[in-house]
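start_11.txt (compact mmCIF, C-alpha atoms) appears below.
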# COMPACT_ATOMS: atom_id res chain seq x y z
CA MET A 96 -0.02 -5.51 24.11
CA ALA A 97 -1.19 -3.70 20.96
CA ASN A 98 -1.95 -5.00 17.48
CA VAL A 99 -2.14 -2.11 15.03
CA ILE A 100 -3.12 -2.17 11.35
CA ILE A 101 -1.73 0.45 8.97
CA VAL A 102 -3.68 0.99 5.75
CA GLY A 103 -3.67 3.50 2.94
CA ALA A 104 -6.72 5.75 3.14
CA GLN A 105 -6.60 6.92 -0.50
CA TRP A 106 -5.42 5.36 -3.79
CA GLY A 107 -2.04 4.29 -2.40
CA ASP A 108 1.31 6.12 -2.25
CA GLU A 109 0.23 7.90 0.95
CA GLY A 110 3.54 7.44 2.78
CA LYS A 111 2.77 4.19 4.59
CA GLY A 112 6.40 3.08 4.52
CA LYS A 113 7.54 6.02 6.60
CA ILE A 114 4.76 5.62 9.16
CA VAL A 115 5.35 1.87 9.48
CA ASP A 116 9.06 2.60 9.95
CA ILE A 117 8.23 5.01 12.78
CA TYR A 118 5.69 2.75 14.51
CA THR A 119 8.11 -0.17 14.31
CA GLU A 120 10.00 1.45 17.19
CA ASN A 121 7.15 0.24 19.42
CA ALA A 122 6.49 -3.13 17.78
CA GLN A 123 8.34 -6.42 17.95
CA HIS A 124 6.76 -7.88 14.79
CA VAL A 125 5.82 -6.27 11.45
CA VAL A 126 3.53 -8.17 9.09
CA ARG A 127 2.81 -7.50 5.43
CA PHE A 128 -0.62 -9.01 4.67
CA GLN A 129 -1.54 -8.38 1.00
CA GLY A 130 -0.32 -7.22 -2.39
CA GLY A 131 2.98 -7.92 -4.06
CA ASN A 132 5.83 -5.99 -5.62
CA ASN A 133 3.28 -3.64 -7.18
CA ALA A 134 3.70 -1.72 -3.92
CA GLY A 135 6.58 0.63 -3.26
CA HIS A 136 7.29 1.93 0.23
CA THR A 137 9.93 4.66 0.37
CA LEU A 138 11.85 5.28 3.59
CA VAL A 139 14.45 7.96 4.31
CA VAL A 140 16.85 7.19 7.19
CA ASP A 141 19.82 9.50 7.80
CA ASP A 142 19.14 11.05 4.38
CA GLU A 143 19.52 7.62 2.69
CA LYS A 144 16.51 6.52 0.66
CA THR A 145 15.42 2.86 0.66
CA VAL A 146 12.55 1.59 -1.47
CA LEU A 147 10.91 -1.69 -0.43
CA HIS A 148 8.40 -3.61 -2.53
CA LEU A 149 7.80 -6.86 -0.65
CA ILE A 150 9.68 -6.89 2.64
CA PRO A 151 7.95 -5.08 5.52
CA SER A 152 9.29 -1.59 6.18
CA GLY A 153 10.23 -2.61 9.72
CA ILE A 154 13.25 -4.46 8.32
CA LEU A 155 15.36 -1.30 8.77
CA HIS A 156 15.17 -1.82 12.54
CA ALA A 157 17.52 -4.43 14.01
CA GLY A 158 15.89 -7.14 16.09
CA LYS A 159 12.38 -6.76 14.64
CA ARG A 160 10.66 -9.83 13.18
CA CYS A 161 9.32 -9.14 9.71
CA ILE A 162 6.68 -11.51 8.34
CA ILE A 163 5.24 -11.83 4.85
CA GLY A 164 1.74 -13.21 5.39
CA ASN A 165 -0.24 -15.70 3.36
CA GLY A 166 -2.25 -12.93 1.65
CA VAL A 167 0.81 -11.65 -0.25
CA VAL A 168 1.88 -12.77 -3.74
CA LEU A 169 5.63 -13.04 -4.19
CA ASP A 170 8.04 -12.85 -7.12
CA PRO A 171 11.06 -14.84 -5.87
CA LYS A 172 13.50 -13.01 -8.15
CA VAL A 173 12.38 -9.59 -6.89
CA PHE A 174 12.36 -10.86 -3.30
CA LEU A 175 15.96 -12.07 -3.53
CA GLU A 176 17.10 -8.83 -5.17
CA GLU A 177 15.48 -6.89 -2.33
CA ILE A 178 17.25 -9.06 0.25
CA GLU A 179 20.61 -8.54 -1.47
CA ASN A 180 20.13 -4.76 -1.61
CA LEU A 181 19.26 -4.63 2.08
CA LYS A 182 22.29 -6.70 3.04
CA LYS A 183 24.55 -4.40 0.99
CA LYS A 184 23.26 -1.48 3.06
CA GLY A 185 23.98 -3.31 6.29
CA TYR A 186 20.43 -4.47 7.07
CA LEU A 187 19.07 -8.00 7.56
CA LYS A 188 22.25 -9.32 9.14
CA ASP A 189 20.25 -12.16 10.66
CA ASP A 190 18.06 -14.12 8.21
CA SER A 191 15.82 -15.28 11.06
CA GLN A 192 14.55 -11.68 11.17
CA LEU A 193 12.50 -12.42 8.02
CA MET A 194 9.78 -15.03 7.46
CA VAL A 195 7.60 -15.94 4.47
CA ASP A 196 4.38 -17.90 4.99
CA GLY A 197 4.34 -21.16 3.06
CA ALA A 198 0.88 -20.37 1.67
CA VAL A 199 2.10 -17.25 -0.17
CA ASN A 200 1.34 -17.65 -3.88
CA LEU A 201 4.22 -17.27 -6.31
CA ILE A 202 4.24 -14.86 -9.24
CA MET A 203 5.28 -16.94 -12.23
CA PRO A 204 6.67 -15.80 -15.61
CA TYR A 205 3.33 -16.45 -17.32
CA HIS A 206 1.55 -14.18 -14.83
CA LYS A 207 3.75 -11.24 -15.79
CA LYS A 208 3.51 -11.96 -19.50
CA ILE A 209 -0.29 -12.23 -19.35
CA ASP A 210 -0.55 -9.03 -17.30
CA ILE A 211 1.42 -6.96 -19.81
CA ALA A 212 -0.22 -8.51 -22.89
CA ARG A 213 -3.73 -7.89 -21.55
CA GLU A 214 -2.98 -4.21 -21.00
CA ILE A 215 -1.66 -3.90 -24.54
CA LYS A 216 -4.70 -5.66 -25.97
CA ALA A 217 -7.08 -3.49 -23.92
CA GLY A 218 -5.66 -0.31 -25.42
CA ALA A 219 -7.61 2.73 -24.23
CA LYS A 220 -9.62 0.53 -21.85
CA LYS A 221 -6.56 -0.66 -19.92
CA ILE A 222 -6.68 -0.73 -16.11
CA GLY A 223 -3.21 0.76 -15.66
CA THR A 224 -1.58 -2.15 -13.83
CA THR A 225 2.11 -2.20 -12.94
CA GLY A 226 2.64 -5.20 -15.24
CA ARG A 227 4.14 -7.19 -12.35
CA GLY A 228 1.74 -10.13 -12.71
CA ILE A 229 -0.17 -9.40 -9.51
CA GLY A 230 -3.73 -9.75 -10.86
CA PRO A 231 -3.16 -13.00 -12.79
CA THR A 232 -1.47 -14.51 -9.71
CA TYR A 233 -4.47 -13.72 -7.51
CA GLU A 234 -6.73 -15.16 -10.22
CA ASP A 235 -4.88 -18.46 -10.01
CA LYS A 236 -4.97 -18.36 -6.22
CA VAL A 237 -8.76 -17.98 -6.17
CA GLY A 238 -9.08 -20.49 -9.02
CA ARG A 239 -7.07 -23.03 -6.97
CA ARG A 240 -4.37 -23.23 -9.65
CA GLY A 241 -1.70 -21.32 -7.75
CA ILE A 242 1.81 -22.47 -6.92
CA ARG A 243 2.74 -21.66 -3.34
CA PHE A 244 6.00 -20.71 -1.67
CA ALA A 245 6.11 -24.08 0.13
CA ASP A 246 5.67 -25.87 -3.23
CA LEU A 247 8.83 -24.25 -4.55
CA LEU A 248 10.84 -25.94 -1.79
CA LYS A 249 9.61 -29.39 -2.89
CA PRO A 250 11.01 -29.86 -6.42
CA GLU A 251 8.72 -32.69 -7.50
CA THR A 252 5.62 -30.89 -6.28
CA PHE A 253 6.70 -27.70 -8.05
CA LYS A 254 7.36 -29.55 -11.32
CA ARG A 255 4.01 -31.35 -11.16
CA LYS A 256 2.01 -28.21 -10.51
CA LEU A 257 3.80 -26.27 -13.24
CA HIS A 258 3.30 -29.13 -15.71
CA GLU A 259 -0.43 -29.14 -14.96
CA VAL A 260 -1.00 -25.40 -15.40
CA LEU A 261 1.50 -24.30 -18.06
CA PRO A 262 -0.28 -25.82 -21.12
CA GLU A 263 -3.39 -23.77 -20.28
CA LYS A 264 -1.32 -20.59 -19.86
CA ASN A 265 0.55 -21.14 -23.09
CA PHE A 266 -2.70 -21.77 -24.97
CA TYR A 267 -4.10 -18.49 -23.64
CA LEU A 268 -0.89 -16.61 -24.45
CA GLU A 269 -0.71 -17.94 -28.02
CA GLN A 270 -4.34 -18.21 -29.08
CA PHE A 271 -5.87 -15.17 -27.39
CA LEU A 272 -3.05 -12.73 -26.64
CA GLY A 273 -0.83 -13.54 -29.64
CA GLU A 274 2.28 -14.09 -27.51
CA GLN A 275 4.99 -16.73 -27.66
CA PRO A 276 4.63 -19.74 -25.34
CA LEU A 277 6.91 -20.17 -22.33
CA PRO A 278 9.28 -23.19 -22.14
CA GLU A 279 8.63 -25.41 -19.13
CA GLU A 280 12.23 -26.50 -18.56
CA GLU A 281 13.52 -22.92 -18.44
CA ILE A 282 10.99 -22.01 -15.76
CA ILE A 283 11.89 -25.09 -13.73
CA GLU A 284 15.59 -24.30 -13.94
CA GLU A 285 15.10 -20.66 -12.98
CA TYR A 286 12.70 -21.20 -10.08
CA LEU A 287 14.36 -24.24 -8.54
CA GLY A 288 17.53 -22.17 -8.65
CA TYR A 289 15.85 -19.82 -6.18
CA ALA A 290 14.60 -22.56 -3.88
CA GLU A 291 17.61 -23.26 -1.67
CA ARG A 292 18.34 -19.56 -1.24
CA LEU A 293 14.78 -19.08 0.02
CA ARG A 294 14.38 -22.15 2.24
CA CYS A 295 15.59 -20.39 5.40
CA TYR A 296 12.68 -17.94 5.25
CA LEU A 297 9.85 -20.52 5.28
CA GLY A 298 7.45 -20.25 8.21
CA ARG A 299 3.81 -19.82 9.14
CA ALA A 300 2.56 -16.31 9.83
CA SER A 301 -0.55 -17.24 11.79
CA THR A 302 1.22 -19.35 14.42
CA SER A 303 4.10 -16.89 14.75
CA ILE A 304 1.69 -13.99 15.31
CA ASP A 305 -0.34 -16.06 17.77
CA GLN A 306 2.79 -16.76 19.81
CA ALA A 307 3.69 -13.07 19.79
CA VAL A 308 0.21 -12.04 20.98
CA LYS A 309 0.23 -14.63 23.78
CA ALA A 310 3.63 -13.34 24.85
CA GLY A 311 2.22 -9.81 25.11
CA GLU A 312 4.32 -8.47 22.25
CA ASN A 313 3.24 -5.68 19.90
CA VAL A 314 2.41 -6.50 16.28
CA LEU A 315 2.17 -4.00 13.42
CA PHE A 316 0.30 -5.00 10.26
CA GLU A 317 1.48 -3.21 7.12
CA GLY A 318 -0.94 -2.76 4.24
CA ALA A 319 -0.05 -1.96 0.65
CA GLN A 320 -1.84 0.19 -1.96
CA GLY A 321 -4.88 2.07 -0.62
CA SER A 322 -8.48 1.59 0.50
CA LEU A 323 -9.90 3.01 -2.74
CA LEU A 324 -8.04 0.27 -4.64
CA ASP A 325 -9.67 -2.54 -2.64
CA VAL A 326 -11.01 -5.25 -4.94
CA ASP A 327 -14.45 -5.07 -3.29
CA HIS A 328 -14.72 -1.53 -1.90
CA GLY A 329 -12.56 0.45 -4.32
CA THR A 330 -13.24 2.14 -7.67
CA TYR A 331 -13.89 -1.18 -9.42
CA PRO A 332 -12.70 -2.25 -11.98
CA TYR A 333 -9.82 0.22 -11.59
CA VAL A 334 -8.56 -1.49 -8.46
CA THR A 335 -5.88 -3.90 -7.33
CA SER A 336 -6.56 -7.63 -6.92
CA SER A 337 -6.42 -7.96 -3.12
CA SER A 338 -8.26 -6.71 -0.06
CA THR A 339 -6.44 -3.52 0.90
CA ILE A 340 -8.70 -2.52 3.80
CA ALA A 341 -8.13 -3.44 7.45
CA GLY A 342 -10.20 -6.63 7.22
CA GLY A 343 -7.60 -7.97 4.78
CA ALA A 344 -5.08 -8.11 7.62
CA CYS A 345 -7.11 -10.79 9.36
CA THR A 346 -7.38 -13.06 6.33
CA GLY A 347 -3.95 -12.16 4.94
CA ALA A 348 -2.08 -12.95 8.15
CA GLY A 349 -4.34 -15.36 10.01
CA ILE A 350 -5.40 -13.30 13.00
CA GLY A 351 -8.84 -12.88 14.57
CA PRO A 352 -10.41 -9.39 14.39
CA HIS A 353 -10.97 -9.26 18.16
CA LEU A 354 -7.20 -8.97 18.65
CA ILE A 355 -6.88 -5.70 16.67
CA THR A 356 -6.52 -2.68 18.96
CA ASP A 357 -6.15 0.20 16.47
CA VAL A 358 -6.42 0.92 12.75
CA VAL A 359 -4.51 3.92 11.42
CA GLY A 360 -5.23 5.20 7.91
CA ILE A 361 -2.50 7.09 6.09
CA SER A 362 -3.64 10.07 4.03
CA LYS A 363 -1.72 12.73 2.21
CA ALA A 364 -2.73 16.32 2.84
CA TYR A 365 -3.79 16.20 -0.83
CA VAL A 366 -4.49 13.18 -3.08
CA THR A 367 -2.61 11.25 -5.75
CA ARG A 368 -3.44 8.33 -7.97
CA VAL A 369 -1.38 6.13 -10.32
CA GLY A 370 -3.02 4.37 -13.24
CA GLU A 371 -6.44 4.71 -14.76
CA GLY A 372 -9.81 5.24 -13.11
CA PRO A 373 -12.02 8.02 -11.74
CA PHE A 374 -10.42 10.77 -9.65
CA PRO A 375 -12.98 13.51 -8.80
CA THR A 376 -10.51 16.11 -7.46
CA GLU A 377 -7.81 15.59 -10.09
CA LEU A 378 -5.98 18.75 -11.13
CA LYS A 379 -4.87 18.88 -14.76
CA ASP A 380 -3.49 22.39 -14.53
CA GLU A 381 -0.50 24.27 -13.13
CA MET A 382 -1.57 23.52 -9.57
CA GLY A 383 -1.54 19.80 -10.34
CA GLU A 384 1.96 20.15 -11.78
CA HIS A 385 3.05 22.11 -8.71
CA LEU A 386 1.85 19.37 -6.33
CA ARG A 387 3.58 16.72 -8.45
CA ALA A 388 6.88 18.58 -8.45
CA ALA A 389 6.79 19.72 -4.82
CA GLY A 390 5.72 16.29 -3.59
CA GLN A 391 8.07 14.38 -5.94
CA GLU A 392 5.05 12.41 -7.06
CA PHE A 393 6.51 9.64 -9.16
CA GLY A 394 5.76 5.97 -8.49
CA ALA A 395 8.30 4.16 -6.29
CA THR A 396 7.59 0.92 -8.19
CA THR A 397 7.05 2.12 -11.77
CA GLY A 398 8.45 5.66 -11.85
CA ARG A 399 5.19 6.80 -13.46
CA PRO A 400 4.09 10.39 -12.73
CA ARG A 401 1.23 10.35 -10.26
CA ARG A 402 -2.01 12.17 -10.94
CA THR A 403 -2.58 14.84 -8.30
CA GLY A 404 -5.57 16.59 -6.75
CA TRP A 405 -6.97 18.34 -3.70
CA LEU A 406 -7.84 16.42 -0.54
CA ASP A 407 -11.11 14.50 -0.96
CA ILE A 408 -13.08 14.27 2.29
CA VAL A 409 -15.86 12.20 0.69
CA ALA A 410 -13.34 9.49 -0.19
CA LEU A 411 -11.60 9.83 3.17
CA ARG A 412 -14.86 9.28 5.02
CA GLU A 413 -15.30 6.13 2.95
CA ALA A 414 -11.91 4.91 4.18
CA VAL A 415 -12.80 5.76 7.78
CA ARG A 416 -15.95 3.64 7.56
CA THR A 417 -14.71 0.61 5.61
CA ASN A 418 -11.57 0.27 7.73
CA GLY A 419 -13.01 1.29 11.09
CA LEU A 420 -10.19 3.82 11.41
CA THR A 421 -9.27 4.86 14.93
CA GLY A 422 -6.86 7.48 13.62
CA ILE A 423 -5.57 9.28 10.54
CA ALA A 424 -1.89 9.89 9.89
CA LEU A 425 -1.63 13.00 7.71
CA THR A 426 1.46 13.05 5.49
CA LYS A 427 3.16 15.58 3.20
CA MET A 428 1.74 18.66 4.93
CA ASP A 429 4.93 20.46 3.91
CA VAL A 430 4.05 20.13 0.21
CA LEU A 431 1.20 22.63 0.69
CA SER A 432 3.39 25.19 2.46
CA GLU A 433 3.87 27.59 -0.47
CA LEU A 434 0.17 28.03 -1.23
CA GLU A 435 -1.90 31.09 -0.36
CA THR A 436 -5.06 29.02 -0.14
CA VAL A 437 -5.84 25.31 -0.05
CA LYS A 438 -8.97 23.66 -1.40
CA VAL A 439 -10.71 20.65 0.14
CA CYS A 440 -13.51 18.66 -1.49
CA THR A 441 -16.34 18.25 1.05
CA ALA A 442 -19.03 16.81 -1.25
CA TYR A 443 -19.69 15.76 -4.85
CA ARG A 444 -22.24 17.14 -7.25
CA HIS A 445 -23.91 14.68 -9.62
CA GLY A 446 -26.45 16.41 -11.79
CA GLU A 447 -28.77 18.17 -9.37
CA GLN A 448 -27.80 15.89 -6.47
CA LEU A 449 -25.33 16.76 -3.72
CA LEU A 450 -23.53 13.61 -2.59
CA GLU A 451 -21.74 13.38 0.76
CA GLU A 452 -21.17 9.61 0.54
CA PHE A 453 -18.76 7.96 -1.89
CA PRO A 454 -20.85 6.39 -4.71
CA GLN A 455 -20.38 2.69 -5.34
CA ASP A 456 -21.72 3.01 -8.90
CA PHE A 457 -18.74 3.56 -11.20
CA ASP A 458 -20.83 5.41 -13.80
CA VAL A 459 -22.03 7.86 -11.15
CA LEU A 460 -18.56 8.41 -9.69
CA LYS A 461 -16.95 9.27 -13.01
CA GLU A 462 -19.62 11.93 -13.61
CA CYS A 463 -19.21 13.59 -10.19
CA THR A 464 -17.68 17.03 -9.80
CA PRO A 465 -16.14 18.20 -6.51
CA VAL A 466 -17.66 20.80 -4.21
CA TYR A 467 -14.78 22.71 -2.62
CA GLU A 468 -14.20 24.68 0.53
CA GLU A 469 -11.25 27.06 0.27
CA ILE A 470 -9.19 27.69 3.41
CA PRO A 471 -6.14 29.87 4.15
CA GLY A 472 -2.69 28.41 3.48
CA TRP A 473 0.43 28.71 5.61
CA GLN A 474 3.18 30.28 3.55
CA GLN A 475 6.10 29.23 5.71
CA ASP A 476 8.46 26.27 6.00
CA ILE A 477 7.08 23.76 8.51
CA CYS A 478 9.76 21.08 7.99
CA PRO A 479 11.79 22.07 11.09
CA VAL A 480 8.74 22.07 13.42
CA THR A 481 8.82 19.30 16.04
CA GLU A 482 5.85 20.18 18.28
CA TYR A 483 2.23 20.30 17.20
CA SER A 484 1.57 23.51 19.12
CA ALA A 485 4.39 25.20 17.18
CA LEU A 486 2.76 24.59 13.79
CA PRO A 487 1.14 27.64 12.15
CA GLN A 488 -2.45 28.19 13.21
CA GLN A 489 -3.58 27.61 9.62
CA VAL A 490 -2.10 24.09 9.71
CA ARG A 491 -3.85 23.30 12.97
CA ASP A 492 -7.10 24.71 11.59
CA TYR A 493 -6.71 22.43 8.57
CA VAL A 494 -6.25 19.42 10.87
CA ASP A 495 -9.25 20.46 12.98
CA LYS A 496 -11.44 20.63 9.88
CA ILE A 497 -10.33 17.18 8.71
CA GLU A 498 -11.20 15.75 12.11
CA ALA A 499 -14.59 17.45 12.10
CA TRP A 500 -15.40 16.37 8.53
CA THR A 501 -14.35 12.73 9.02
CA GLY A 502 -15.18 12.19 12.69
CA CYS A 503 -11.75 10.64 13.12
CA PRO A 504 -8.76 12.04 15.06
CA VAL A 505 -5.57 12.97 13.23
CA VAL A 506 -2.99 11.05 15.27
CA LEU A 507 0.15 12.03 13.34
CA VAL A 508 1.29 14.88 11.12
CA SER A 509 4.29 14.42 8.81
CA VAL A 510 6.13 17.62 7.86
CA GLY A 511 8.93 16.10 5.77
CA PRO A 512 10.28 12.80 4.43
CA ARG A 513 12.69 11.97 7.27
CA ARG A 514 11.90 10.02 10.44
CA ASP A 515 12.50 13.06 12.61
CA GLN A 516 10.11 15.22 10.55
CA THR A 517 7.09 13.64 12.21
CA ILE A 518 4.79 14.94 14.93
CA GLN A 519 2.92 12.22 16.83
CA ARG A 520 -0.20 13.43 18.62
CA ILE A 521 -1.31 9.93 19.59
CA ASN A 522 0.83 6.79 19.58
CA PRO A 523 -1.39 3.70 19.05
CA PHE A 524 1.11 1.55 20.91
CA VAL A 525 0.84 3.62 24.09
CA LYS A 526 -1.89 3.04 26.66
CA LYS A 527 -5.13 4.89 25.96
CA ALA A 528 -4.81 7.04 29.07
CA GLU A 529 -1.49 8.35 27.85
CA LYS A 530 -2.45 8.87 24.22
CA ARG A 531 -4.35 12.10 23.92
CA VAL A 532 -2.29 15.18 23.30
CA ASP A 533 -4.71 17.47 21.47
CA ALA A 534 -8.33 16.38 21.49
CA PRO A 535 -10.24 17.02 18.24
CA LYS A 536 -12.74 19.82 18.50
Go ahead and express the file in the form of structure tokens.
Amino acid sequence: MANVIIVGAQWGDEGKGKIVDIYTENAQHVVRFQGGNNAGHTLVVDDEKTVLHLIPSGILHAGKRCIIGNGVVLDPKVFLEEIENLKKKGYLKDDSQLMVDGAVNLIMPYHKKIDIAREIKAGAKKIGTTGRGIGPTYEDKVGRRGIRFADLLKPETFKRKLHEVLPEKNFYLEQFLGEQPLPEEEIIEEYLGYAERLRCYLGRASTSIDQAVKAGENVLFEGAQGSLLDVDHGTYPYVTSSSTIAGGACTGAGIGPHLITDVVGISKAYVTRVGEGPFPTELKDEMGEHLRAAGQEFGATTGRPRRTGWLDIVALREAVRTNGLTGIALTKMDVLSELETVKVCTAYRHGEQLLEEFPQDFDVLKECTPVYEEIPGWQQDICPVTEYSALPQQVRDYVDKIEAWTGCPVVLVSVGPRRDQTIQRINPFVKKAEKRVDAPK
């Protein structure tokens, strides 16, 4: 039995969807534990691209149980559209394959309207949200004003809760944000129209996971966004509104930490970021444009061009510590293939200080400049390579350095977008004695 958490080790968009899809081969249950449809996980199977925003990436495997845990916020319209798209492609033939915890908070029309209006009002000081209503929904959850998935399936409860909260939302929209109020009856009609179509997915994540663990089945926990966007440990206030680190899996799915066997952090071989906020290794030159084009760095959810930069070891060490990573999955190595040399940030300089730890102080972080080590590139196509030992020596040297700098083994190297363009050095679902292929130096 293995219970493995997958998290983003950077600012999101690291390729978690692909890695979850691969690890699902060894798991019977896949659990999404935080975030909402502000996440976009892109999977390529038989050259067909599928983008998922809410449903766990394991849904592309028949017979796997996919669970949306209580820590997620859910837009029912987006959720139903995602289900319909999957069914059109021949997936999700059995609705019992998918479960939504009744405690999941619903994204309501006023959440989305508030989200967008706040960003407009903030102007140059905007956070750079996706405008999907994620933050305002989490605010209502913490403020005990949220409407839950289970409430939607009880019409009178849904109507009562909406009637209690909507006057406050409309006052805020009109008086502070200068927006038009939302009509209560239209919301009721729209949302109760979703209810019967969603009833078959109602369940409880915690008890389902508990039963799976007791039965000796493998569970994979799928995180969204990245560790540096964590509401507590990220680059606050330029963060998301949920706990994106491994600890969030325990609260967002209802599982005790003693049951977790491995935590794998997904990291690109370089770094990207969407939205505002500090980014010490950001490249605003031709190299940045090259990484964006070669890596097809455009948001799966918003389509926004991603900011790009060299790999940041200081930030990666932060992710190793806050998540307790047992392994790093290194993605998009192929994007660096054309380069003569590759730079890696090993420390920050702040004034006369050399910083090797990620600063919590936002004002310090935004003033930091990267200290780089330049290493040889590997100017050859690595996409067809299937064995680690067959990779160019420069690639293996790069991996060795990452392991030495972070103190964490690189358990997987992705050399292309497809499932088969993946080299697993350690499989977290295989017994420890069988795991090690190439020990870090």
Practice prompt. Can you work out the spacing between CA of Ile497 (chain A) and CA of Ala122 (chain A) in Å, to one decimal?
Written response: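 We find that CA of Ile497 (chain A) and CA of Ala122 (chain A) lie 27.9 Å from each other.
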Fill in: All residues 8 Å or closer to region 211-221 of chain A, all atoms listed in the file, same chain fewer than 6 positions away omitted, as a list in words
Arg227, Gly228, Leu272, Glu274 and Glu371 of chain A
Practice prompt. Would you mind telling me which residue in A:Glu433, A:Glu284, A:Glu279, A:Glu317 lies nearest to Ile101 (chain A) when using all atoms listed in the file?
Written response: A:Glu317
Practice prompt. Write out as a ChimeraX atom specification which residues come within 6 Å of region 198-210 of chain A when counting all atoms listed in the file, dropping same-chain ones fewer than 6 positions away.
Written response: /A:165,167-170,226-228,231-232,242-244
Worksheet entry | Leu434 (chain A) surroundings by all atoms listed in the file, 12 Å radius, close-in-sequence under 5 positions cut, as a ChimeraX atom specification | /A:382,385-386,389,428-429,469-476,489-490
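Using all atoms listed in the file for every distance, the candidate list A:Lys182, A:Arg412, A:Lys379, A:Lys111 yields A:Lys111 as the residue closest to His148 (chain A).
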Fill in: Who sits within 9 Å of Phe266 (chain A), only C-alpha atoms, same chain under 5 positions skipped, as a list in words
Leu261, Phe271 and Pro276 of chain A
Discussion item. Could you check the closest approach to Glu176 (chain A) for each of A:Leu277, A:Leu460, A:Leu293, A:Leu247 and tell me which residue wins, using all atoms listed in the file?
Written reply: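 Nearest candidate to Glu176 (chain A) out of A:Leu277, A:Leu460, A:Leu293, A:Leu247: A:Leu293.
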Worksheet item: How many Å separate CA of Gly372 (chain A) from CA of Trp106 (chain A)?
Response: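 Going from CA of Gly372 (chain A) over to CA of Trp106 (chain A), I get 10.3 Å.
When all atoms listed in the file are used to compute distances to Lys496 (chain A), the closest of the residues A:Arg513, A:Lys438, A:Arg399, A:Lys461 turns out to be A:Lys438.
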Item to complete: Select, from A:Leu138, A:Ile355, A:Pro465, A:Thr417, the residue with the minimum atom-to-atom distance to Leu378 (chain A), counting only C-alpha atoms.
Response: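 Between A:Leu138, A:Ile355, A:Pro465, A:Thr417, the residue approaching Leu378 (chain A) most closely is A:Pro465.
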With N, CA and C atoms as the atom set, please write region 269-280 of chain A from the structure just given, as a short mmCIF file (atom, residue, chain, number, x, y, z; two decimals), in the first residue's frame.
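Printed below is out.cif as written:
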data_model
loop_
_atom_site.label_atom_id
_atom_site.label_comp_id
_atom_site.auth_asym_id
_atom_site.auth_seq_id
_atom_site.Cartn_x
_atom_site.Cartn_y
_atom_site.Cartn_z
N GLU A 269 -22.44 46.72 -5.72
CA GLU A 269 -22.97 48.03 -6.13
C GLU A 269 -22.21 49.20 -5.49
N GLN A 270 -22.09 49.15 -4.16
CA GLN A 270 -21.61 50.31 -3.42
C GLN A 270 -20.09 50.47 -3.45
N PHE A 271 -19.36 49.36 -3.53
CA PHE A 271 -17.90 49.47 -3.51
C PHE A 271 -17.27 49.25 -4.88
N LEU A 272 -17.76 48.26 -5.61
CA LEU A 272 -17.15 47.91 -6.89
C LEU A 272 -17.84 48.55 -8.09
N GLY A 273 -19.01 49.18 -7.88
CA GLY A 273 -19.70 49.86 -8.96
C GLY A 273 -20.28 48.93 -10.01
N GLU A 274 -20.66 47.72 -9.60
CA GLU A 274 -21.21 46.73 -10.52
C GLU A 274 -22.72 46.59 -10.31
N GLN A 275 -23.38 45.98 -11.28
CA GLN A 275 -24.80 45.73 -11.18
C GLN A 275 -25.07 44.56 -10.23
N PRO A 276 -26.17 44.61 -9.48
CA PRO A 276 -26.51 43.51 -8.57
C PRO A 276 -26.94 42.26 -9.37
N LEU A 277 -26.89 41.12 -8.70
CA LEU A 277 -27.27 39.86 -9.32
C LEU A 277 -28.67 39.45 -8.86
N PRO A 278 -29.55 39.03 -9.78
CA PRO A 278 -30.92 38.65 -9.41
C PRO A 278 -30.97 37.27 -8.76
N GLU A 279 -31.60 37.18 -7.62
CA GLU A 279 -31.65 35.94 -6.85
C GLU A 279 -32.34 34.82 -7.62
N GLU A 280 -33.47 35.10 -8.23
CA GLU A 280 -34.25 34.05 -8.90
C GLU A 280 -33.48 33.43 -10.07
#
